[in-house]
Amino acid sequence: MSLSDSQYRDLRPMIRPYIIEQMWERDLSGVVEIEEMSGLNRWGYDAYRRELLSNENSVMLAARNLAGDGPQVIGFLAGWTVEDELHVNNIATHPDYRRIGVGQRLMETGVDIGRRRGTAYVLLEVRASNEVAQLLYRKMGFNYVGRRRDYYRLPAEDAFVMKLDI
Ligand SMILES: CC(C)(COP(=O)(O)OP(=O)(O)OC[C@H]1O[C@@H](n2cnc3c(N)ncnc32)[C@H](O)[C@@H]1OP(=O)(O)O)[C@@H](O)C(=O)NCCC(=O)NCCS
């Protein structure tokens, strides 16, 4: 018996079980490892720790691996709410756990938190060349609303600004 694409998508959480939860300090080394493996501009341990412990408006989520083997943290989202806005600063999935829904579930959970805090929209920047991330955001209903010249360093690159009304 072969599965259709949509049947396979429905089964993915059972094949590779995980849960999205609040990030804790003990998750930070796993978060930093994923950041380093994902080609993101570096925030590093101390910056994530500061957000987690000192910013009461931060939104810090971890995807926790429920299988008995492999890394404990398989994805994370780091953002904050400011007035009407939920700003997503970083989101990444461990390279061995991509395409099983982790990124989308992290973003959906972040959006739920933003909604509960009374924000009206989500805003984020994404490298112009990062087509995979843009596919995820577009699937979730984000629109392109701007372009920031030379926003990124190493390598220098423009950012697209993407927005989702919530
Ligand atoms: C972008 C990223 C977070 C996506 O995470 P993920 O857990 O693999 O994504 P999901 O499995 O939730 O994918 C959700 C949807 O996004 C799209 N998508 C994700 N990866 C894709 C790929 N490689 N090719 C095409 N579409 C893709 C699909 O529409 C997918 O839905 P589907 O699988 O039902 O078709 C991940 O690729 C990553 O960590 N990249 C490196 C870090 C990064 O670029 N972060 C964004 C910074 S702005």
# chains A, B, ... in the order shown; residues from 1 in each chain; ligands from 1

$ residues_near_ligand --ligand "ligand 1" --cutoff "9 Å" --atoms "only C-alpha atoms and all ligand atoms" --output "short mmCIF file (atom, residue, chain, number, x, y, z; two decimals) with all heavy atoms, in the first residue's frame"
data_model
loop_
_atom_site.label_atom_id
_atom_site.label_comp_id
_atom_site.auth_asym_id
_atom_site.auth_seq_id
_atom_site.Cartn_x
_atom_site.Cartn_y
_atom_site.Cartn_z
N ASP A 5 0.49 11.98 -0.51
CA ASP A 5 1.26 13.01 0.20
C ASP A 5 0.54 13.47 1.46
O ASP A 5 1.13 13.63 2.52
CB ASP A 5 1.48 14.23 -0.70
CG ASP A 5 2.61 13.98 -1.69
OD1 ASP A 5 3.21 12.90 -1.60
OD2 ASP A 5 2.83 14.85 -2.54
N SER A 6 -0.79 13.69 1.36
CA SER A 6 -1.50 14.24 2.52
C SER A 6 -1.61 13.18 3.63
O SER A 6 -1.52 13.51 4.81
CB SER A 6 -2.87 14.79 2.13
OG SER A 6 -3.70 13.73 1.77
N ARG A 9 1.69 13.24 5.38
CA ARG A 9 1.82 14.43 6.25
C ARG A 9 1.10 14.20 7.57
O ARG A 9 1.60 14.54 8.63
CB ARG A 9 1.25 15.67 5.56
CG ARG A 9 2.19 16.17 4.50
CD ARG A 9 1.78 17.51 3.97
NE ARG A 9 2.57 17.79 2.80
CZ ARG A 9 2.10 17.83 1.55
NH1 ARG A 9 0.81 17.68 1.32
NH2 ARG A 9 2.90 18.05 0.55
N ILE A 34 21.55 23.99 17.04
CA ILE A 34 20.70 24.08 15.84
C ILE A 34 20.98 25.39 15.10
O ILE A 34 21.09 25.43 13.88
CB ILE A 34 19.21 23.97 16.21
CG1 ILE A 34 18.92 22.57 16.77
CG2 ILE A 34 18.32 24.26 15.01
CD1 ILE A 34 17.55 22.40 17.38
N GLU A 35 21.13 26.47 15.86
CA GLU A 35 21.46 27.76 15.22
C GLU A 35 22.73 27.63 14.39
O GLU A 35 22.79 28.06 13.24
CB GLU A 35 21.63 28.85 16.29
CG GLU A 35 21.93 30.20 15.68
CD GLU A 35 22.36 31.23 16.71
OE1 GLU A 35 23.44 31.07 17.32
OE2 GLU A 35 21.63 32.20 16.90
N MET A 37 24.06 24.97 13.10
CA MET A 37 23.92 24.06 11.95
C MET A 37 23.04 24.64 10.86
O MET A 37 22.93 24.06 9.79
CB MET A 37 23.30 22.72 12.42
CG MET A 37 24.22 21.87 13.24
SD MET A 37 23.49 20.25 13.59
CE MET A 37 22.36 20.65 14.90
N SER A 38 22.38 25.76 11.15
CA SER A 38 21.34 26.24 10.23
C SER A 38 21.75 27.45 9.41
O SER A 38 20.92 27.98 8.66
CB SER A 38 20.07 26.58 11.03
OG SER A 38 19.56 25.41 11.62
N GLY A 39 22.98 27.90 9.56
CA GLY A 39 23.45 29.03 8.76
C GLY A 39 22.78 30.35 9.11
O GLY A 39 22.71 31.25 8.28
N LEU A 40 22.28 30.45 10.33
CA LEU A 40 21.64 31.71 10.75
C LEU A 40 22.71 32.68 11.24
O LEU A 40 23.76 32.25 11.71
CB LEU A 40 20.66 31.45 11.90
CG LEU A 40 19.45 30.58 11.57
CD1 LEU A 40 18.69 30.24 12.84
CD2 LEU A 40 18.54 31.31 10.59
N ASN A 41 22.42 33.98 11.16
CA ASN A 41 23.32 34.93 11.80
C ASN A 41 23.32 34.66 13.29
O ASN A 41 22.27 34.47 13.89
CB ASN A 41 22.90 36.37 11.50
CG ASN A 41 23.41 36.80 10.14
OD1 ASN A 41 23.22 36.06 9.17
ND2 ASN A 41 24.05 37.94 10.07
N ILE A 74 14.75 19.72 18.85
CA ILE A 74 14.87 19.54 17.39
C ILE A 74 14.42 20.78 16.63
O ILE A 74 14.40 20.77 15.40
CB ILE A 74 14.10 18.29 16.90
CG1 ILE A 74 12.62 18.37 17.26
CG2 ILE A 74 14.74 17.02 17.46
CD1 ILE A 74 11.77 17.29 16.58
N GLY A 75 14.07 21.84 17.37
CA GLY A 75 13.72 23.08 16.69
C GLY A 75 13.44 24.16 17.73
O GLY A 75 13.22 23.85 18.91
N PHE A 76 13.49 25.41 17.29
CA PHE A 76 13.18 26.50 18.23
C PHE A 76 12.66 27.72 17.48
O PHE A 76 12.90 27.88 16.26
CB PHE A 76 14.42 26.88 19.06
CG PHE A 76 15.45 27.64 18.28
CD1 PHE A 76 15.48 29.04 18.27
CD2 PHE A 76 16.39 26.98 17.51
CE1 PHE A 76 16.42 29.74 17.54
CE2 PHE A 76 17.34 27.67 16.76
CZ PHE A 76 17.36 29.05 16.79
N LEU A 77 11.97 28.56 18.22
CA LEU A 77 11.53 29.86 17.71
C LEU A 77 11.88 30.89 18.78
O LEU A 77 11.64 30.65 19.97
CB LEU A 77 10.02 29.86 17.44
CG LEU A 77 9.39 31.17 16.96
CD1 LEU A 77 8.21 30.89 16.02
CD2 LEU A 77 8.94 32.08 18.10
N VAL A 88 9.24 37.80 14.91
CA VAL A 88 9.96 36.53 14.96
C VAL A 88 11.41 36.82 14.57
O VAL A 88 11.69 37.24 13.44
CB VAL A 88 9.33 35.48 14.02
CG1 VAL A 88 10.18 34.22 13.98
CG2 VAL A 88 7.92 35.15 14.50
N ASN A 89 12.32 36.61 15.52
CA ASN A 89 13.73 36.90 15.27
C ASN A 89 14.45 35.72 14.64
O ASN A 89 15.32 35.89 13.79
CB ASN A 89 14.43 37.30 16.57
CG ASN A 89 13.91 38.61 17.10
OD1 ASN A 89 13.85 39.59 16.37
ND2 ASN A 89 13.48 38.63 18.35
N ASN A 90 14.14 34.52 15.11
CA ASN A 90 14.81 33.32 14.60
C ASN A 90 13.88 32.13 14.71
O ASN A 90 13.18 31.98 15.71
CB ASN A 90 16.07 33.02 15.43
CG ASN A 90 17.32 33.56 14.78
OD1 ASN A 90 17.35 33.80 13.57
ND2 ASN A 90 18.36 33.75 15.57
N ILE A 91 13.97 31.29 13.71
CA ILE A 91 13.24 30.01 13.76
C ILE A 91 14.09 29.01 12.99
O ILE A 91 14.64 29.35 11.92
CB ILE A 91 11.81 30.13 13.16
CG1 ILE A 91 11.10 28.78 13.17
CG2 ILE A 91 11.82 30.72 11.77
CD1 ILE A 91 9.60 28.86 12.83
N ALA A 92 14.26 27.83 13.54
CA ALA A 92 15.06 26.82 12.83
C ALA A 92 14.69 25.43 13.33
O ALA A 92 14.27 25.24 14.47
CB ALA A 92 16.56 27.05 13.06
N THR A 93 14.87 24.47 12.42
CA THR A 93 14.64 23.05 12.72
C THR A 93 15.97 22.32 12.54
O THR A 93 16.71 22.62 11.59
CB THR A 93 13.58 22.47 11.76
OG1 THR A 93 12.37 23.21 11.92
CG2 THR A 93 13.32 21.00 12.05
N HIS A 94 16.26 21.39 13.44
CA HIS A 94 17.46 20.57 13.32
C HIS A 94 17.49 19.93 11.92
O HIS A 94 16.46 19.39 11.47
CB HIS A 94 17.42 19.48 14.39
CG HIS A 94 18.66 18.67 14.51
ND1 HIS A 94 19.11 17.85 13.50
CD2 HIS A 94 19.56 18.56 15.51
CE1 HIS A 94 20.23 17.26 13.88
NE2 HIS A 94 20.53 17.69 15.09
N PRO A 95 18.64 19.96 11.24
CA PRO A 95 18.68 19.45 9.85
C PRO A 95 18.17 18.02 9.69
O PRO A 95 17.64 17.68 8.64
CB PRO A 95 20.18 19.54 9.49
CG PRO A 95 20.73 20.59 10.40
CD PRO A 95 19.91 20.55 11.66
N TYR A 97 15.66 16.76 11.17
CA TYR A 97 14.24 16.67 11.51
C TYR A 97 13.41 17.65 10.68
O TYR A 97 12.32 18.04 11.08
CB TYR A 97 14.03 16.92 13.01
CG TYR A 97 14.62 15.80 13.85
CD1 TYR A 97 15.99 15.79 14.14
CD2 TYR A 97 13.84 14.74 14.29
CE1 TYR A 97 16.55 14.75 14.88
CE2 TYR A 97 14.39 13.70 15.03
CZ TYR A 97 15.74 13.72 15.32
OH TYR A 97 16.30 12.68 16.04
N ARG A 98 13.95 18.03 9.53
CA ARG A 98 13.21 18.98 8.69
C ARG A 98 12.13 18.27 7.91
O ARG A 98 12.17 17.06 7.70
CB ARG A 98 14.19 19.70 7.75
CG ARG A 98 15.07 20.63 8.57
CD ARG A 98 15.79 21.68 7.79
NE ARG A 98 16.57 22.46 8.76
CZ ARG A 98 17.73 23.03 8.52
NH1 ARG A 98 18.25 22.95 7.32
NH2 ARG A 98 18.36 23.70 9.48
N ARG A 99 11.17 19.06 7.49
CA ARG A 99 10.08 18.59 6.61
C ARG A 99 9.17 17.57 7.29
O ARG A 99 8.61 16.70 6.63
CB ARG A 99 10.70 18.02 5.33
CG ARG A 99 9.87 18.24 4.08
CD ARG A 99 9.74 19.69 3.71
NE ARG A 99 8.55 19.95 2.92
CZ ARG A 99 8.51 19.85 1.60
NH1 ARG A 99 9.57 19.52 0.92
NH2 ARG A 99 7.39 20.12 0.96
N ILE A 100 9.08 17.64 8.63
CA ILE A 100 8.08 16.80 9.30
C ILE A 100 7.08 17.69 10.06
O ILE A 100 6.35 17.21 10.92
CB ILE A 100 8.72 15.76 10.25
CG1 ILE A 100 9.56 16.42 11.35
CG2 ILE A 100 9.54 14.74 9.47
CD1 ILE A 100 9.98 15.45 12.47
N GLY A 101 7.10 18.99 9.75
CA GLY A 101 6.08 19.87 10.32
C GLY A 101 6.52 20.70 11.51
O GLY A 101 5.75 21.50 12.03
N VAL A 102 7.79 20.54 11.94
CA VAL A 102 8.25 21.22 13.16
C VAL A 102 8.20 22.75 12.99
O VAL A 102 7.67 23.47 13.86
CB VAL A 102 9.69 20.77 13.51
CG1 VAL A 102 10.25 21.60 14.66
CG2 VAL A 102 9.72 19.28 13.85
N GLY A 103 8.74 23.25 11.88
CA GLY A 103 8.79 24.70 11.67
C GLY A 103 7.39 25.30 11.66
O GLY A 103 7.14 26.33 12.29
N GLN A 104 6.50 24.64 10.96
CA GLN A 104 5.13 25.16 10.89
C GLN A 104 4.47 25.14 12.26
O GLN A 104 3.80 26.10 12.65
CB GLN A 104 4.33 24.31 9.89
CG GLN A 104 2.95 24.88 9.66
CD GLN A 104 2.23 24.25 8.49
OE1 GLN A 104 2.84 23.66 7.60
NE2 GLN A 104 0.92 24.37 8.49
N ARG A 105 4.65 24.06 13.01
CA ARG A 105 4.02 23.98 14.34
C ARG A 105 4.62 25.02 15.30
O ARG A 105 3.91 25.59 16.14
CB ARG A 105 4.17 22.58 14.93
CG ARG A 105 3.41 21.49 14.19
CD ARG A 105 2.17 20.96 14.90
NE ARG A 105 2.15 21.06 16.34
CZ ARG A 105 2.51 20.09 17.19
NH1 ARG A 105 2.98 18.95 16.73
NH2 ARG A 105 2.41 20.26 18.47
N LEU A 106 5.93 25.26 15.18
CA LEU A 106 6.54 26.31 16.00
C LEU A 106 5.89 27.65 15.69
O LEU A 106 5.53 28.42 16.60
CB LEU A 106 8.05 26.39 15.72
CG LEU A 106 8.94 25.35 16.40
CD1 LEU A 106 10.31 25.30 15.74
CD2 LEU A 106 9.08 25.64 17.89
N MET A 107 5.75 27.95 14.39
CA MET A 107 5.18 29.24 14.01
C MET A 107 3.71 29.33 14.43
O MET A 107 3.27 30.37 14.94
CB MET A 107 5.33 29.44 12.50
CG MET A 107 4.96 30.82 12.03
SD MET A 107 6.04 32.12 12.70
CE MET A 107 7.32 32.13 11.46
N LEU A 124 8.49 39.54 10.24
CA LEU A 124 9.82 38.92 10.28
C LEU A 124 10.63 39.34 9.06
O LEU A 124 10.07 39.78 8.06
CB LEU A 124 9.69 37.39 10.36
CG LEU A 124 8.89 36.66 9.29
CD1 LEU A 124 9.69 36.46 8.01
CD2 LEU A 124 8.44 35.30 9.81
N GLU A 125 11.95 39.21 9.19
CA GLU A 125 12.84 39.41 8.05
C GLU A 125 13.37 38.06 7.62
O GLU A 125 13.62 37.19 8.47
CB GLU A 125 14.04 40.30 8.43
CG GLU A 125 13.71 41.77 8.63
CD GLU A 125 13.30 42.08 10.06
OE1 GLU A 125 13.53 41.22 10.94
OE2 GLU A 125 12.74 43.17 10.29
N VAL A 126 13.59 37.90 6.33
CA VAL A 126 14.15 36.64 5.82
C VAL A 126 15.12 36.98 4.68
O VAL A 126 14.86 37.91 3.90
CB VAL A 126 13.01 35.69 5.35
CG1 VAL A 126 12.11 36.32 4.31
CG2 VAL A 126 13.56 34.36 4.85
N ARG A 127 16.24 36.25 4.65
CA ARG A 127 17.20 36.47 3.57
C ARG A 127 16.50 36.31 2.21
O ARG A 127 15.75 35.35 2.02
CB ARG A 127 18.36 35.46 3.65
CG ARG A 127 19.44 35.85 4.62
CD ARG A 127 20.64 34.91 4.51
NE ARG A 127 21.64 35.26 5.49
CZ ARG A 127 22.63 36.14 5.27
NH1 ARG A 127 22.76 36.71 4.09
NH2 ARG A 127 23.48 36.42 6.24
N ASN A 130 16.65 32.90 0.80
CA ASN A 130 16.18 31.77 1.61
C ASN A 130 14.78 31.33 1.15
O ASN A 130 13.76 31.62 1.77
CB ASN A 130 16.17 32.14 3.09
CG ASN A 130 15.96 30.93 3.99
OD1 ASN A 130 15.55 29.87 3.53
ND2 ASN A 130 16.22 31.11 5.28
N GLU A 131 14.78 30.59 0.04
CA GLU A 131 13.50 30.24 -0.57
C GLU A 131 12.71 29.26 0.29
O GLU A 131 11.48 29.32 0.33
CB GLU A 131 13.74 29.64 -1.97
CG GLU A 131 14.20 30.69 -2.96
CD GLU A 131 14.61 30.12 -4.29
OE1 GLU A 131 14.35 28.93 -4.54
OE2 GLU A 131 15.20 30.88 -5.08
N VAL A 132 13.41 28.34 0.96
CA VAL A 132 12.70 27.34 1.77
C VAL A 132 11.90 28.02 2.89
O VAL A 132 10.72 27.74 3.08
CB VAL A 132 13.70 26.31 2.34
CG1 VAL A 132 13.05 25.47 3.43
CG2 VAL A 132 14.21 25.41 1.23
N ALA A 133 12.55 28.94 3.60
CA ALA A 133 11.84 29.63 4.69
C ALA A 133 10.67 30.42 4.11
O ALA A 133 9.57 30.44 4.68
CB ALA A 133 12.79 30.53 5.46
N GLN A 134 10.88 31.06 2.96
CA GLN A 134 9.79 31.84 2.36
C GLN A 134 8.62 30.94 1.96
O GLN A 134 7.45 31.34 2.07
CB GLN A 134 10.30 32.63 1.16
CG GLN A 134 11.23 33.77 1.56
CD GLN A 134 11.94 34.38 0.38
OE1 GLN A 134 11.33 34.65 -0.65
NE2 GLN A 134 13.24 34.61 0.52
N LEU A 135 8.92 29.70 1.52
CA LEU A 135 7.83 28.77 1.19
C LEU A 135 7.00 28.46 2.43
O LEU A 135 5.76 28.41 2.38
CB LEU A 135 8.41 27.47 0.63
CG LEU A 135 8.85 27.52 -0.83
CD1 LEU A 135 9.67 26.28 -1.18
CD2 LEU A 135 7.64 27.64 -1.75
N LEU A 136 7.70 28.24 3.56
CA LEU A 136 6.97 27.99 4.82
C LEU A 136 6.09 29.19 5.16
O LEU A 136 4.90 29.04 5.47
CB LEU A 136 7.98 27.72 5.95
CG LEU A 136 7.46 27.82 7.38
CD1 LEU A 136 6.40 26.76 7.66
CD2 LEU A 136 8.60 27.68 8.39
N TYR A 137 6.67 30.40 5.12
CA TYR A 137 5.90 31.58 5.52
C TYR A 137 4.72 31.82 4.57
O TYR A 137 3.62 32.16 5.01
CB TYR A 137 6.80 32.82 5.56
CG TYR A 137 8.02 32.67 6.45
CD1 TYR A 137 9.24 33.25 6.13
CD2 TYR A 137 7.96 31.91 7.62
CE1 TYR A 137 10.36 33.10 6.93
CE2 TYR A 137 9.08 31.75 8.42
CZ TYR A 137 10.27 32.34 8.07
OH TYR A 137 11.38 32.18 8.86
N ARG A 138 4.96 31.61 3.28
CA ARG A 138 3.85 31.83 2.33
C ARG A 138 2.75 30.81 2.54
O ARG A 138 1.57 31.13 2.47
CB ARG A 138 4.38 31.79 0.89
CG ARG A 138 4.89 33.16 0.49
CD ARG A 138 5.79 33.19 -0.70
NE ARG A 138 5.43 32.28 -1.76
CZ ARG A 138 6.29 31.86 -2.67
NH1 ARG A 138 7.55 32.26 -2.64
NH2 ARG A 138 5.91 31.04 -3.62
N LYS A 139 3.16 29.57 2.82
CA LYS A 139 2.14 28.53 3.09
C LYS A 139 1.25 28.96 4.26
O LYS A 139 0.06 28.68 4.29
CB LYS A 139 2.83 27.20 3.41
CG LYS A 139 1.84 26.09 3.71
CD LYS A 139 2.51 24.80 4.11
CE LYS A 139 1.46 23.71 4.34
NZ LYS A 139 2.01 22.54 5.03
N MET A 140 1.86 29.67 5.23
CA MET A 140 1.11 30.05 6.42
C MET A 140 0.34 31.37 6.24
O MET A 140 -0.31 31.83 7.16
CB MET A 140 2.06 30.16 7.61
CG MET A 140 2.71 28.81 7.91
SD MET A 140 3.55 28.83 9.49
CE MET A 140 2.18 29.07 10.61
#

$ atom_distance --atom1 "CA of Met60 in chain A" --atom2 "CA of Arg16 in chain A"
22.2 Å

$ residues_around --residues "Val73 in chain A" --least-positions-apart "2" --cutoff "10 Å" --atoms "only C-alpha atoms" --output "NGL selection string"
:A and (18-20 or 23 or 26-31 or 33-34 or 62-66 or 70-71 or 75-76 or 93-94)

$ select_by_dssp --residues "chain A" --states "strand (DSSP E)" --output "PyMOL selection string"
chain A and resi 18-22+58-65+73-82+85-93+121-127+143-152+157-165

$ atom_distance --atom1 "CA of Val32 in chain A" --atom2 "CA of Gly114 in chain A"
23.7 Å

$ closest_residue --among "A:Ala78, A:Ile15, A:Ile166, A:Ala120" --to "Leu52 in chain A" --atoms "only C-alpha atoms"
A:Ala78
